[in-house]
Structures are given as structure tokens and as C-alpha cells.
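The file run_19.cif comes next; it holds mmCIF, N, CA and C atoms and all ligand atoms.
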data_work
#
loop_
_atom_site.label_atom_id
_atom_site.label_comp_id
_atom_site.auth_asym_id
_atom_site.auth_seq_id
_atom_site.Cartn_x
_atom_site.Cartn_y
_atom_site.Cartn_z
N MET A 1 -4.67 91.93 89.73
CA MET A 1 -3.29 91.45 89.59
C MET A 1 -2.54 92.32 88.59
N TYR A 2 -1.26 92.21 88.67
CA TYR A 2 -0.35 93.01 87.87
C TYR A 2 -0.19 92.39 86.48
N CYS A 3 -0.39 93.18 85.44
CA CYS A 3 -0.25 92.66 84.07
C CYS A 3 1.20 92.85 83.61
N PRO A 4 1.85 91.77 83.18
CA PRO A 4 3.26 91.86 82.77
C PRO A 4 3.45 92.56 81.42
N LYS A 5 2.36 92.82 80.69
CA LYS A 5 2.47 93.46 79.38
C LYS A 5 2.31 94.98 79.47
N CYS A 6 1.22 95.43 80.12
CA CYS A 6 0.95 96.86 80.17
C CYS A 6 1.33 97.46 81.52
N PHE A 7 1.78 96.62 82.44
CA PHE A 7 2.25 97.06 83.76
C PHE A 7 1.19 97.77 84.60
N ASN A 8 -0.08 97.45 84.35
CA ASN A 8 -1.15 98.00 85.18
C ASN A 8 -1.74 96.90 86.05
N GLN A 9 -2.51 97.33 87.03
CA GLN A 9 -3.20 96.35 87.88
C GLN A 9 -4.52 95.95 87.21
N THR A 10 -4.45 95.48 86.00
CA THR A 10 -5.65 95.25 85.21
C THR A 10 -5.86 93.77 84.89
N LEU A 11 -5.03 92.92 85.49
CA LEU A 11 -5.15 91.50 85.20
C LEU A 11 -6.20 90.88 86.11
N ARG A 12 -7.15 90.20 85.52
CA ARG A 12 -8.21 89.55 86.30
C ARG A 12 -8.25 88.07 85.97
N ILE A 13 -8.55 87.28 86.99
CA ILE A 13 -8.73 85.86 86.74
C ILE A 13 -10.09 85.67 86.10
N LYS A 14 -10.20 84.72 85.18
CA LYS A 14 -11.49 84.44 84.55
C LYS A 14 -12.41 83.76 85.56
N PRO A 15 -13.73 83.84 85.34
CA PRO A 15 -14.67 83.23 86.30
C PRO A 15 -14.46 81.72 86.45
N LYS A 16 -14.02 81.08 85.36
CA LYS A 16 -13.78 79.64 85.40
C LYS A 16 -12.51 79.33 84.64
N GLY A 17 -11.84 78.28 85.04
CA GLY A 17 -10.63 77.90 84.32
C GLY A 17 -9.97 76.70 84.95
N VAL A 18 -8.69 76.53 84.58
CA VAL A 18 -7.93 75.36 85.01
C VAL A 18 -6.67 75.83 85.72
N VAL A 19 -6.33 75.14 86.80
CA VAL A 19 -5.09 75.41 87.52
C VAL A 19 -4.21 74.16 87.48
N ASP A 20 -2.95 74.34 87.12
CA ASP A 20 -1.97 73.25 87.16
C ASP A 20 -1.24 73.29 88.49
N ILE A 21 -1.04 72.11 89.08
CA ILE A 21 -0.38 72.01 90.38
C ILE A 21 1.05 71.50 90.21
N TYR A 22 2.01 72.25 90.70
CA TYR A 22 3.40 71.80 90.73
C TYR A 22 3.82 71.69 92.19
N ILE A 23 4.28 70.51 92.57
CA ILE A 23 4.78 70.32 93.93
C ILE A 23 6.26 69.96 93.81
N ASN A 24 7.09 70.70 94.49
CA ASN A 24 8.56 70.57 94.33
C ASN A 24 8.95 70.59 92.85
N GLY A 25 8.26 71.39 92.07
CA GLY A 25 8.56 71.52 90.65
C GLY A 25 8.06 70.39 89.79
N LYS A 26 7.37 69.43 90.40
CA LYS A 26 6.87 68.26 89.64
C LYS A 26 5.37 68.40 89.43
N LYS A 27 4.96 68.02 88.22
CA LYS A 27 3.53 68.02 87.94
C LYS A 27 3.14 66.66 87.40
N ARG A 28 2.11 66.07 87.97
CA ARG A 28 1.60 64.81 87.44
C ARG A 28 0.69 65.11 86.25
N ASP A 29 0.48 64.09 85.39
CA ASP A 29 -0.37 64.29 84.21
C ASP A 29 -1.77 64.75 84.60
N ASN A 30 -2.27 64.25 85.72
CA ASN A 30 -3.62 64.63 86.16
C ASN A 30 -3.56 65.73 87.23
N GLY A 31 -2.43 66.38 87.34
CA GLY A 31 -2.22 67.36 88.40
C GLY A 31 -2.82 68.72 88.10
N ARG A 32 -4.10 68.71 87.86
CA ARG A 32 -4.79 69.98 87.59
C ARG A 32 -6.23 69.89 88.07
N PHE A 33 -6.82 71.05 88.33
CA PHE A 33 -8.22 71.06 88.74
C PHE A 33 -8.92 72.26 88.13
N LEU A 34 -10.23 72.14 88.04
CA LEU A 34 -11.03 73.24 87.50
C LEU A 34 -11.36 74.20 88.63
N PHE A 35 -11.36 75.47 88.33
CA PHE A 35 -11.82 76.42 89.34
C PHE A 35 -13.04 77.17 88.84
N ASN A 36 -13.80 77.66 89.79
CA ASN A 36 -14.99 78.43 89.51
C ASN A 36 -15.04 79.52 90.57
N MET A 37 -14.86 80.77 90.13
CA MET A 37 -14.75 81.89 91.07
C MET A 37 -16.11 82.42 91.50
N GLU A 38 -17.17 81.89 90.91
CA GLU A 38 -18.51 82.38 91.28
C GLU A 38 -18.82 81.97 92.72
N PRO A 39 -19.63 82.78 93.42
CA PRO A 39 -19.93 82.48 94.83
C PRO A 39 -20.55 81.09 94.97
N GLY A 40 -20.20 80.42 96.06
CA GLY A 40 -20.80 79.12 96.34
C GLY A 40 -20.00 77.94 95.81
N HIS A 41 -18.91 78.21 95.12
CA HIS A 41 -18.14 77.11 94.53
C HIS A 41 -16.79 76.88 95.20
N HIS A 42 -16.43 77.76 96.12
CA HIS A 42 -15.07 77.68 96.64
C HIS A 42 -14.76 76.35 97.33
N GLU A 43 -15.72 75.85 98.12
CA GLU A 43 -15.51 74.61 98.86
C GLU A 43 -15.21 73.44 97.93
N GLU A 44 -15.96 73.40 96.84
CA GLU A 44 -15.82 72.35 95.84
C GLU A 44 -14.43 72.45 95.18
N VAL A 45 -13.97 73.67 94.91
CA VAL A 45 -12.67 73.89 94.29
C VAL A 45 -11.56 73.43 95.24
N VAL A 46 -11.69 73.81 96.51
CA VAL A 46 -10.69 73.42 97.51
C VAL A 46 -10.65 71.90 97.65
N SER A 47 -11.81 71.27 97.63
CA SER A 47 -11.89 69.82 97.76
C SER A 47 -11.25 69.12 96.55
N ASP A 48 -11.43 69.65 95.35
CA ASP A 48 -10.77 69.09 94.16
C ASP A 48 -9.26 69.24 94.26
N PHE A 49 -8.83 70.40 94.73
CA PHE A 49 -7.39 70.66 94.91
C PHE A 49 -6.81 69.65 95.90
N LYS A 50 -7.54 69.43 96.99
CA LYS A 50 -7.07 68.50 98.02
C LYS A 50 -6.95 67.08 97.47
N LYS A 51 -7.91 66.67 96.67
CA LYS A 51 -7.91 65.33 96.06
C LYS A 51 -6.66 65.15 95.19
N LYS A 52 -6.34 66.19 94.40
CA LYS A 52 -5.19 66.12 93.50
C LYS A 52 -3.88 66.09 94.30
N CYS A 53 -3.84 66.84 95.39
CA CYS A 53 -2.65 66.82 96.25
C CYS A 53 -2.49 65.46 96.89
N ASP A 54 -3.61 64.86 97.28
CA ASP A 54 -3.58 63.52 97.88
C ASP A 54 -2.99 62.53 96.87
N ASP A 55 -3.45 62.59 95.62
CA ASP A 55 -2.88 61.75 94.54
C ASP A 55 -1.38 61.92 94.48
N PHE A 56 -0.94 63.17 94.52
CA PHE A 56 0.49 63.46 94.40
C PHE A 56 1.25 62.85 95.58
N PHE A 57 0.74 63.06 96.77
CA PHE A 57 1.42 62.54 97.98
C PHE A 57 1.50 61.02 97.94
N GLN A 58 0.42 60.39 97.52
CA GLN A 58 0.37 58.93 97.43
C GLN A 58 1.48 58.43 96.51
N TRP A 59 1.61 59.10 95.38
CA TRP A 59 2.61 58.74 94.37
C TRP A 59 4.02 59.07 94.87
N TYR A 60 4.16 60.26 95.39
CA TYR A 60 5.50 60.74 95.77
C TYR A 60 6.04 60.04 97.02
N SER A 61 5.13 59.59 97.89
CA SER A 61 5.58 58.95 99.13
C SER A 61 6.24 57.59 98.85
N ASN A 62 6.04 57.06 97.63
CA ASN A 62 6.69 55.80 97.27
C ASN A 62 8.10 55.97 96.73
N PHE A 63 8.51 57.21 96.50
CA PHE A 63 9.87 57.46 95.98
C PHE A 63 10.90 57.03 97.03
N ASN A 64 12.02 56.52 96.58
CA ASN A 64 13.08 56.17 97.53
C ASN A 64 13.80 57.41 98.02
N ASN A 65 14.20 58.25 97.09
CA ASN A 65 14.92 59.47 97.47
C ASN A 65 14.00 60.67 97.31
N LYS A 66 13.26 60.95 98.34
CA LYS A 66 12.35 62.09 98.20
C LYS A 66 12.79 63.23 99.11
N ASP A 67 12.60 64.41 98.58
CA ASP A 67 12.88 65.61 99.36
C ASP A 67 11.64 65.95 100.18
N SER A 68 11.82 66.76 101.20
CA SER A 68 10.65 67.26 101.91
C SER A 68 9.85 68.14 100.95
N ILE A 69 8.58 68.27 101.23
CA ILE A 69 7.72 69.12 100.39
C ILE A 69 8.05 70.58 100.72
N GLN A 70 8.58 71.29 99.75
CA GLN A 70 9.00 72.67 100.02
C GLN A 70 8.24 73.70 99.18
N LEU A 71 7.85 73.25 98.00
CA LEU A 71 7.32 74.22 97.06
C LEU A 71 5.99 73.73 96.49
N VAL A 72 4.95 74.52 96.67
CA VAL A 72 3.67 74.21 96.05
C VAL A 72 3.31 75.41 95.18
N GLU A 73 3.23 75.17 93.87
CA GLU A 73 2.92 76.26 92.94
C GLU A 73 1.64 75.95 92.18
N LEU A 74 0.82 76.95 92.03
CA LEU A 74 -0.41 76.81 91.26
C LEU A 74 -0.35 77.81 90.12
N TYR A 75 -0.52 77.30 88.90
CA TYR A 75 -0.45 78.19 87.74
C TYR A 75 -1.69 78.07 86.89
N THR A 76 -2.09 79.17 86.32
CA THR A 76 -3.21 79.17 85.39
C THR A 76 -2.90 80.08 84.21
N ILE A 77 -3.51 79.77 83.06
CA ILE A 77 -3.41 80.68 81.93
C ILE A 77 -4.75 81.40 81.74
N ASP A 78 -5.69 81.10 82.63
CA ASP A 78 -7.04 81.64 82.48
C ASP A 78 -7.17 83.00 83.16
N VAL A 79 -6.47 83.98 82.60
CA VAL A 79 -6.56 85.35 83.08
C VAL A 79 -6.86 86.25 81.89
N LYS A 80 -7.27 87.46 82.21
CA LYS A 80 -7.64 88.38 81.15
C LYS A 80 -7.21 89.78 81.60
N CYS A 81 -6.54 90.51 80.72
CA CYS A 81 -6.19 91.89 81.05
C CYS A 81 -7.31 92.80 80.55
N GLU A 82 -7.74 93.72 81.41
CA GLU A 82 -8.83 94.64 81.03
C GLU A 82 -8.43 95.55 79.88
N ASP A 83 -7.13 95.74 79.68
CA ASP A 83 -6.66 96.54 78.56
C ASP A 83 -6.51 95.72 77.29
N GLY A 84 -6.88 94.44 77.37
CA GLY A 84 -6.88 93.61 76.18
C GLY A 84 -5.53 93.05 75.76
N CYS A 85 -4.57 93.03 76.67
CA CYS A 85 -3.26 92.46 76.33
C CYS A 85 -3.42 90.98 75.96
N ALA A 86 -2.62 90.55 74.99
CA ALA A 86 -2.64 89.15 74.58
C ALA A 86 -1.42 88.45 75.16
N PHE A 87 -1.60 87.24 75.61
CA PHE A 87 -0.50 86.47 76.17
C PHE A 87 -0.24 85.22 75.36
N ALA A 88 1.02 84.83 75.29
CA ALA A 88 1.38 83.58 74.63
C ALA A 88 0.85 82.42 75.47
N PRO A 89 0.53 81.30 74.81
CA PRO A 89 0.02 80.14 75.57
C PRO A 89 1.00 79.65 76.64
N SER A 90 2.27 79.98 76.46
CA SER A 90 3.27 79.51 77.43
C SER A 90 3.31 80.39 78.68
N GLU A 91 2.68 81.57 78.62
CA GLU A 91 2.70 82.46 79.79
C GLU A 91 1.68 82.00 80.82
N LYS A 92 2.16 81.78 82.05
CA LYS A 92 1.25 81.31 83.09
C LYS A 92 1.36 82.21 84.30
N PHE A 93 0.30 82.20 85.08
CA PHE A 93 0.18 83.14 86.19
C PHE A 93 -0.15 82.39 87.47
N SER A 94 0.41 82.87 88.57
CA SER A 94 0.19 82.18 89.84
C SER A 94 -1.25 82.34 90.30
N ALA A 95 -1.84 81.23 90.73
CA ALA A 95 -3.21 81.24 91.24
C ALA A 95 -3.24 81.19 92.76
N VAL A 96 -2.06 81.26 93.39
CA VAL A 96 -2.00 81.25 94.85
C VAL A 96 -2.55 82.58 95.38
N ASP A 97 -3.38 82.50 96.40
CA ASP A 97 -4.04 83.68 96.99
C ASP A 97 -5.01 84.34 96.03
N CYS A 98 -5.42 83.55 95.05
CA CYS A 98 -6.38 84.06 94.09
C CYS A 98 -7.47 83.00 93.99
N VAL A 99 -7.09 81.81 93.53
CA VAL A 99 -8.05 80.70 93.49
C VAL A 99 -8.06 79.99 94.85
N ILE A 100 -6.88 79.73 95.38
CA ILE A 100 -6.72 79.07 96.68
C ILE A 100 -5.75 79.92 97.50
N SER A 101 -6.07 80.16 98.75
CA SER A 101 -5.20 81.01 99.57
C SER A 101 -4.00 80.22 100.06
N SER A 102 -2.91 80.91 100.37
CA SER A 102 -1.73 80.20 100.87
C SER A 102 -2.04 79.54 102.21
N ALA A 103 -2.95 80.11 103.01
CA ALA A 103 -3.34 79.47 104.28
C ALA A 103 -4.02 78.13 104.02
N GLU A 104 -4.87 78.10 103.01
CA GLU A 104 -5.55 76.84 102.66
C GLU A 104 -4.54 75.80 102.16
N ILE A 105 -3.60 76.25 101.36
CA ILE A 105 -2.56 75.35 100.84
C ILE A 105 -1.77 74.76 102.01
N LYS A 106 -1.35 75.62 102.94
CA LYS A 106 -0.56 75.16 104.09
C LYS A 106 -1.33 74.13 104.90
N GLU A 107 -2.61 74.39 105.12
CA GLU A 107 -3.42 73.48 105.93
C GLU A 107 -3.55 72.12 105.23
N ILE A 108 -3.86 72.13 103.94
CA ILE A 108 -4.06 70.89 103.19
C ILE A 108 -2.75 70.09 103.12
N ILE A 109 -1.67 70.78 102.81
CA ILE A 109 -0.37 70.10 102.69
C ILE A 109 0.06 69.52 104.05
N GLY A 110 -0.21 70.27 105.12
CA GLY A 110 0.12 69.79 106.46
C GLY A 110 -0.64 68.51 106.82
N THR A 111 -1.94 68.51 106.50
CA THR A 111 -2.77 67.33 106.76
C THR A 111 -2.27 66.11 105.99
N LEU A 112 -1.95 66.33 104.70
CA LEU A 112 -1.51 65.22 103.86
C LEU A 112 -0.12 64.73 104.27
N ALA A 113 0.71 65.64 104.72
CA ALA A 113 2.05 65.27 105.17
C ALA A 113 1.95 64.31 106.35
N ASN A 114 1.02 64.58 107.26
CA ASN A 114 0.78 63.67 108.39
C ASN A 114 0.30 62.32 107.90
N LYS A 115 -0.67 62.36 106.99
CA LYS A 115 -1.28 61.12 106.48
C LYS A 115 -0.23 60.22 105.83
N TYR A 116 0.69 60.81 105.07
CA TYR A 116 1.68 60.02 104.33
C TYR A 116 3.07 60.05 104.97
N SER A 117 3.14 60.55 106.18
CA SER A 117 4.42 60.64 106.90
C SER A 117 5.52 61.29 106.06
N MET A 118 5.18 62.40 105.47
CA MET A 118 6.15 63.15 104.66
C MET A 118 6.58 64.39 105.43
N GLU A 119 7.79 64.80 105.13
CA GLU A 119 8.29 66.00 105.78
C GLU A 119 7.91 67.22 104.96
N VAL A 120 7.57 68.29 105.63
CA VAL A 120 7.18 69.52 104.92
C VAL A 120 7.98 70.70 105.44
N GLN A 121 8.55 71.45 104.54
CA GLN A 121 9.19 72.73 104.88
C GLN A 121 8.72 73.75 103.86
N LEU A 122 7.49 74.10 103.98
CA LEU A 122 6.85 74.91 102.95
C LEU A 122 7.37 76.34 102.92
N LYS A 123 7.72 76.80 101.71
CA LYS A 123 8.25 78.17 101.56
C LYS A 123 7.27 79.05 100.81
N ILE A 124 6.00 78.99 101.18
CA ILE A 124 5.08 79.90 100.49
C ILE A 124 4.47 80.87 101.48
ZN ZN B 201 -2.28 94.34 80.23
#
Would you mind writing the file out in C-alpha cells?
Amino acid sequence: MYCPKCFNQTLRIKPKGVVDIYINGKKRDNGRFLFNMEPGHHEEVVSDFKKKCDDFFQWYSNFNNKDSIQLVELYTIDVKCEDGCAFAPSEKFSAVDCVISSAEIKEIIGTLANKYSMEVQLKI
């Protein structure tokens, strides 16, 4: 990945970390999951992500004035630049197509949208 400090392709995701989930710009208090990039863990990570999205849909489907689901963002601070750049704790990096692929996100969100009769117009 591209490092915003040294402008090289030297940014790497850490083997393990935390991803925060924002859906339509909203994040629930428990809207995060642990990731593990080591082989053999991807299914478990996707399943945790799906569980958290399900929580969100359950909560959001009760809103009176709800928008269609348009934006799903995944952010993590668990990255490391090979050149040793330091980042402020407020700097976050997209984990889409890194921890979870956009195809996986689309599939999960589509399934949940059916389950909770929510409209989806995903722009990812
Ligand atoms: Zn850097």
C-alpha cells in the first residue's frame, strides 16, 4: 500500500489487528472485528465481519428515517511502513481489498439487505 508520509509503496498491514466498520458513516460501539492475515484465518475473519454487519443491520433496520446502504468503510490503524514512518493515532487506513475484499463486502451486504428488507446502493 501507498504510504502517505514517504510516498512509497512501503505500507504493509500488520499480521493481526483491529478493523473499525463504518456503514453510511455510522459506527456502532461494537462495530469492529479482529483480523488475522496469517493463512487459514480468512474465513473466521469474514465470519466475524458478517456478524458485526448483521448487528448493524438489525439496529439500523429499526430506524424510521433510514437511507439505503450506500457506503461501507473499513478502517484500521494496524499498518506499518517499511521505512519506519510514524503515524498519529488519528490516522487510519482503508482495509477494503486488504483484509476483506470488496466482492466479499458486496456479497455479505447483499445477503443482509435481503434478510432485513433494506435497500442497498453500494458505491464501493
Ligand atoms: Zn512511509
List as number ranges by chain the protein and nucleic acid residues near Phe87 in chain A, meaning an atom at most 12 Å away when only C-alpha atoms are counted, but skip any in the same chain fewer than 6 places from it.
A: 3-6, 11, 77-81, 93
Please, what distance in Å, to one decimal, runs between atom C of Asp83 in chain A and CA of Ile13 in chain A?
13.8 Å
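With atom N of Phe7 in chain A on one side and CA of Val19 in chain A on the other, the separation reads 22.9 Å.
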Of the residues A:Ser90, A:Glu73, A:Met1, A:Asn8, which is the one nearest to Lys26 in chain A, using all atoms listed in the file?
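Using all atoms listed in the file, Lys26 in chain A sits closest to A:Glu73.
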Expressed in Å to a single decimal, how great is the separation between CA of Leu122 in chain A and atom C of Ser68 in chain A?
7.7 Å
Determine which residues of chain A receive a DSSP assignment of helix (DSSP H, G or I), computed from the backbone, and state them as a PyMOL selection string.
chain A and resi 42-60+102-115
Please write the residues from the selection above to a file, keeping N, CA and C atoms, as a JSON list (two decimals), keeping the file's coordinate frame.
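part_29.json, freshly written:
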[["chain", "number", "residue", "atom", "x", "y", "z"],
["A", 42, "HIS", "N", -16.43, 77.76, 96.12],
["A", 42, "HIS", "CA", -15.07, 77.68, 96.64],
["A", 42, "HIS", "C", -14.76, 76.35, 97.33],
["A", 43, "GLU", "N", -15.72, 75.85, 98.12],
["A", 43, "GLU", "CA", -15.51, 74.61, 98.86],
["A", 43, "GLU", "C", -15.21, 73.44, 97.93],
["A", 44, "GLU", "N", -15.96, 73.40, 96.84],
["A", 44, "GLU", "CA", -15.82, 72.35, 95.84],
["A", 44, "GLU", "C", -14.43, 72.45, 95.18],
["A", 45, "VAL", "N", -13.97, 73.67, 94.91],
["A", 45, "VAL", "CA", -12.67, 73.89, 94.29],
["A", 45, "VAL", "C", -11.56, 73.43, 95.24],
["A", 46, "VAL", "N", -11.69, 73.81, 96.51],
["A", 46, "VAL", "CA", -10.69, 73.42, 97.51],
["A", 46, "VAL", "C", -10.65, 71.90, 97.65],
["A", 47, "SER", "N", -11.81, 71.27, 97.63],
["A", 47, "SER", "CA", -11.89, 69.82, 97.76],
["A", 47, "SER", "C", -11.25, 69.12, 96.55],
["A", 48, "ASP", "N", -11.43, 69.65, 95.35],
["A", 48, "ASP", "CA", -10.77, 69.09, 94.16],
["A", 48, "ASP", "C", -9.26, 69.24, 94.26],
["A", 49, "PHE", "N", -8.83, 70.40, 94.73],
["A", 49, "PHE", "CA", -7.39, 70.66, 94.91],
["A", 49, "PHE", "C", -6.81, 69.65, 95.90],
["A", 50, "LYS", "N", -7.54, 69.43, 96.99],
["A", 50, "LYS", "CA", -7.07, 68.50, 98.02],
["A", 50, "LYS", "C", -6.95, 67.08, 97.47],
["A", 51, "LYS", "N", -7.91, 66.67, 96.67],
["A", 51, "LYS", "CA", -7.91, 65.33, 96.06],
["A", 51, "LYS", "C", -6.66, 65.15, 95.19],
["A", 52, "LYS", "N", -6.34, 66.19, 94.40],
["A", 52, "LYS", "CA", -5.19, 66.12, 93.50],
["A", 52, "LYS", "C", -3.88, 66.09, 94.30],
["A", 53, "CYS", "N", -3.84, 66.84, 95.39],
["A", 53, "CYS", "CA", -2.65, 66.82, 96.25],
["A", 53, "CYS", "C", -2.49, 65.46, 96.89],
["A", 54, "ASP", "N", -3.61, 64.86, 97.28],
["A", 54, "ASP", "CA", -3.58, 63.52, 97.88],
["A", 54, "ASP", "C", -2.99, 62.53, 96.87],
["A", 55, "ASP", "N", -3.45, 62.59, 95.62],
["A", 55, "ASP", "CA", -2.88, 61.75, 94.54],
["A", 55, "ASP", "C", -1.38, 61.92, 94.48],
["A", 56, "PHE", "N", -0.94, 63.17, 94.52],
["A", 56, "PHE", "CA", 0.49, 63.46, 94.40],
["A", 56, "PHE", "C", 1.25, 62.85, 95.58],
["A", 57, "PHE", "N", 0.74, 63.06, 96.77],
["A", 57, "PHE", "CA", 1.42, 62.54, 97.98],
["A", 57, "PHE", "C", 1.50, 61.02, 97.94],
["A", 58, "GLN", "N", 0.42, 60.39, 97.52],
["A", 58, "GLN", "CA", 0.37, 58.93, 97.43],
["A", 58, "GLN", "C", 1.48, 58.43, 96.51],
["A", 59, "TRP", "N", 1.61, 59.10, 95.38],
["A", 59, "TRP", "CA", 2.61, 58.74, 94.37],
["A", 59, "TRP", "C", 4.02, 59.07, 94.87],
["A", 60, "TYR", "N", 4.16, 60.26, 95.39],
["A", 60, "TYR", "CA", 5.50, 60.74, 95.77],
["A", 60, "TYR", "C", 6.04, 60.04, 97.02],
["A", 102, "SER", "N", -2.91, 80.91, 100.37],
["A", 102, "SER", "CA", -1.73, 80.20, 100.87],
["A", 102, "SER", "C", -2.04, 79.54, 102.21],
["A", 103, "ALA", "N", -2.95, 80.11, 103.01],
["A", 103, "ALA", "CA", -3.34, 79.47, 104.28],
["A", 103, "ALA", "C", -4.02, 78.13, 104.02],
["A", 104, "GLU", "N", -4.87, 78.10, 103.01],
["A", 104, "GLU", "CA", -5.55, 76.84, 102.66],
["A", 104, "GLU", "C", -4.54, 75.80, 102.16],
["A", 105, "ILE", "N", -3.60, 76.25, 101.36],
["A", 105, "ILE", "CA", -2.56, 75.35, 100.84],
["A", 105, "ILE", "C", -1.77, 74.76, 102.01],
["A", 106, "LYS", "N", -1.35, 75.62, 102.94],
["A", 106, "LYS", "CA", -0.56, 75.16, 104.09],
["A", 106, "LYS", "C", -1.33, 74.13, 104.90],
["A", 107, "GLU", "N", -2.61, 74.39, 105.12],
["A", 107, "GLU", "CA", -3.42, 73.48, 105.93],
["A", 107, "GLU", "C", -3.55, 72.12, 105.23],
["A", 108, "ILE", "N", -3.86, 72.13, 103.94],
["A", 108, "ILE", "CA", -4.06, 70.89, 103.19],
["A", 108, "ILE", "C", -2.75, 70.09, 103.12],
["A", 109, "ILE", "N", -1.67, 70.78, 102.81],
["A", 109, "ILE", "CA", -0.37, 70.10, 102.69],
["A", 109, "ILE", "C", 0.06, 69.52, 104.05],
["A", 110, "GLY", "N", -0.21, 70.27, 105.12],
["A", 110, "GLY", "CA", 0.12, 69.79, 106.46],
["A", 110, "GLY", "C", -0.64, 68.51, 106.82],
["A", 111, "THR", "N", -1.94, 68.51, 106.50],
["A", 111, "THR", "CA", -2.77, 67.33, 106.76],
["A", 111, "THR", "C", -2.27, 66.11, 105.99],
["A", 112, "LEU", "N", -1.95, 66.33, 104.70],
["A", 112, "LEU", "CA", -1.51, 65.22, 103.86],
["A", 112, "LEU", "C", -0.12, 64.73, 104.27],
["A", 113, "ALA", "N", 0.71, 65.64, 104.72],
["A", 113, "ALA", "CA", 2.05, 65.27, 105.17],
["A", 113, "ALA", "C", 1.95, 64.31, 106.35],
["A", 114, "ASN", "N", 1.02, 64.58, 107.26],
["A", 114, "ASN", "CA", 0.78, 63.67, 108.39],
["A", 114, "ASN", "C", 0.30, 62.32, 107.90],
["A", 115, "LYS", "N", -0.67, 62.36, 106.99],
["A", 115, "LYS", "CA", -1.28, 61.12, 106.48],
["A", 115, "LYS", "C", -0.23, 60.22, 105.83]]
What lies within 8 Å of Ser94 in chain A using only C-alpha atoms, ignoring chain neighbours under 2 positions off, as an NGL selection string?
:A and (73-76 or 92 or 96)
Produce the centre coordinates and the three edge lengths, each in Å to one decimal, of the box along x, y and z that contains all listed atoms of range 61-75 of chain A with 6 Å added on each side, as lines of an AutoDock Vina configuration file.
center_x = 6.6
center_y = 67.0
center_z = 94.4
size_x = 28.6
size_y = 34.4
size_z = 27.0
Just list the residues in range 13-107 of chain A DSSP gives strand (DSSP E or B) on the backbone, as a ChimeraX atom specification.
/A:13,16-23,26,32-36,69,72-76,79-81,93-94,96,100
Which residue gives the smallest distance to ligand ZN 201 (chain B) among A:Glu44, A:Asp54, A:Glu91, A:Glu82, with all atoms listed in the file counted?
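Closest residue, counting all atoms listed in the file: A:Glu82.
Nearest residue to ligand ZN 201 (chain B) among A:Lys52, A:Ser117, A:Ile23, A:Gly84 is A:Gly84, counting only C-alpha atoms and all ligand atoms.
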Which residue gives the smallest distance to ligand ZN 201 (chain B) among A:Val45, A:Val18, A:Ala86, A:Met37, with all atoms listed in the file counted?
A:Ala86
Closest of A:Gln9, A:Gly17, A:Leu71, A:Ile100 to Phe35 in chain A - atom-to-atom distances counting all atoms listed in the file
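When distances to Phe35 in chain A are compared using all atoms listed in the file, the smallest one comes from A:Gly17.
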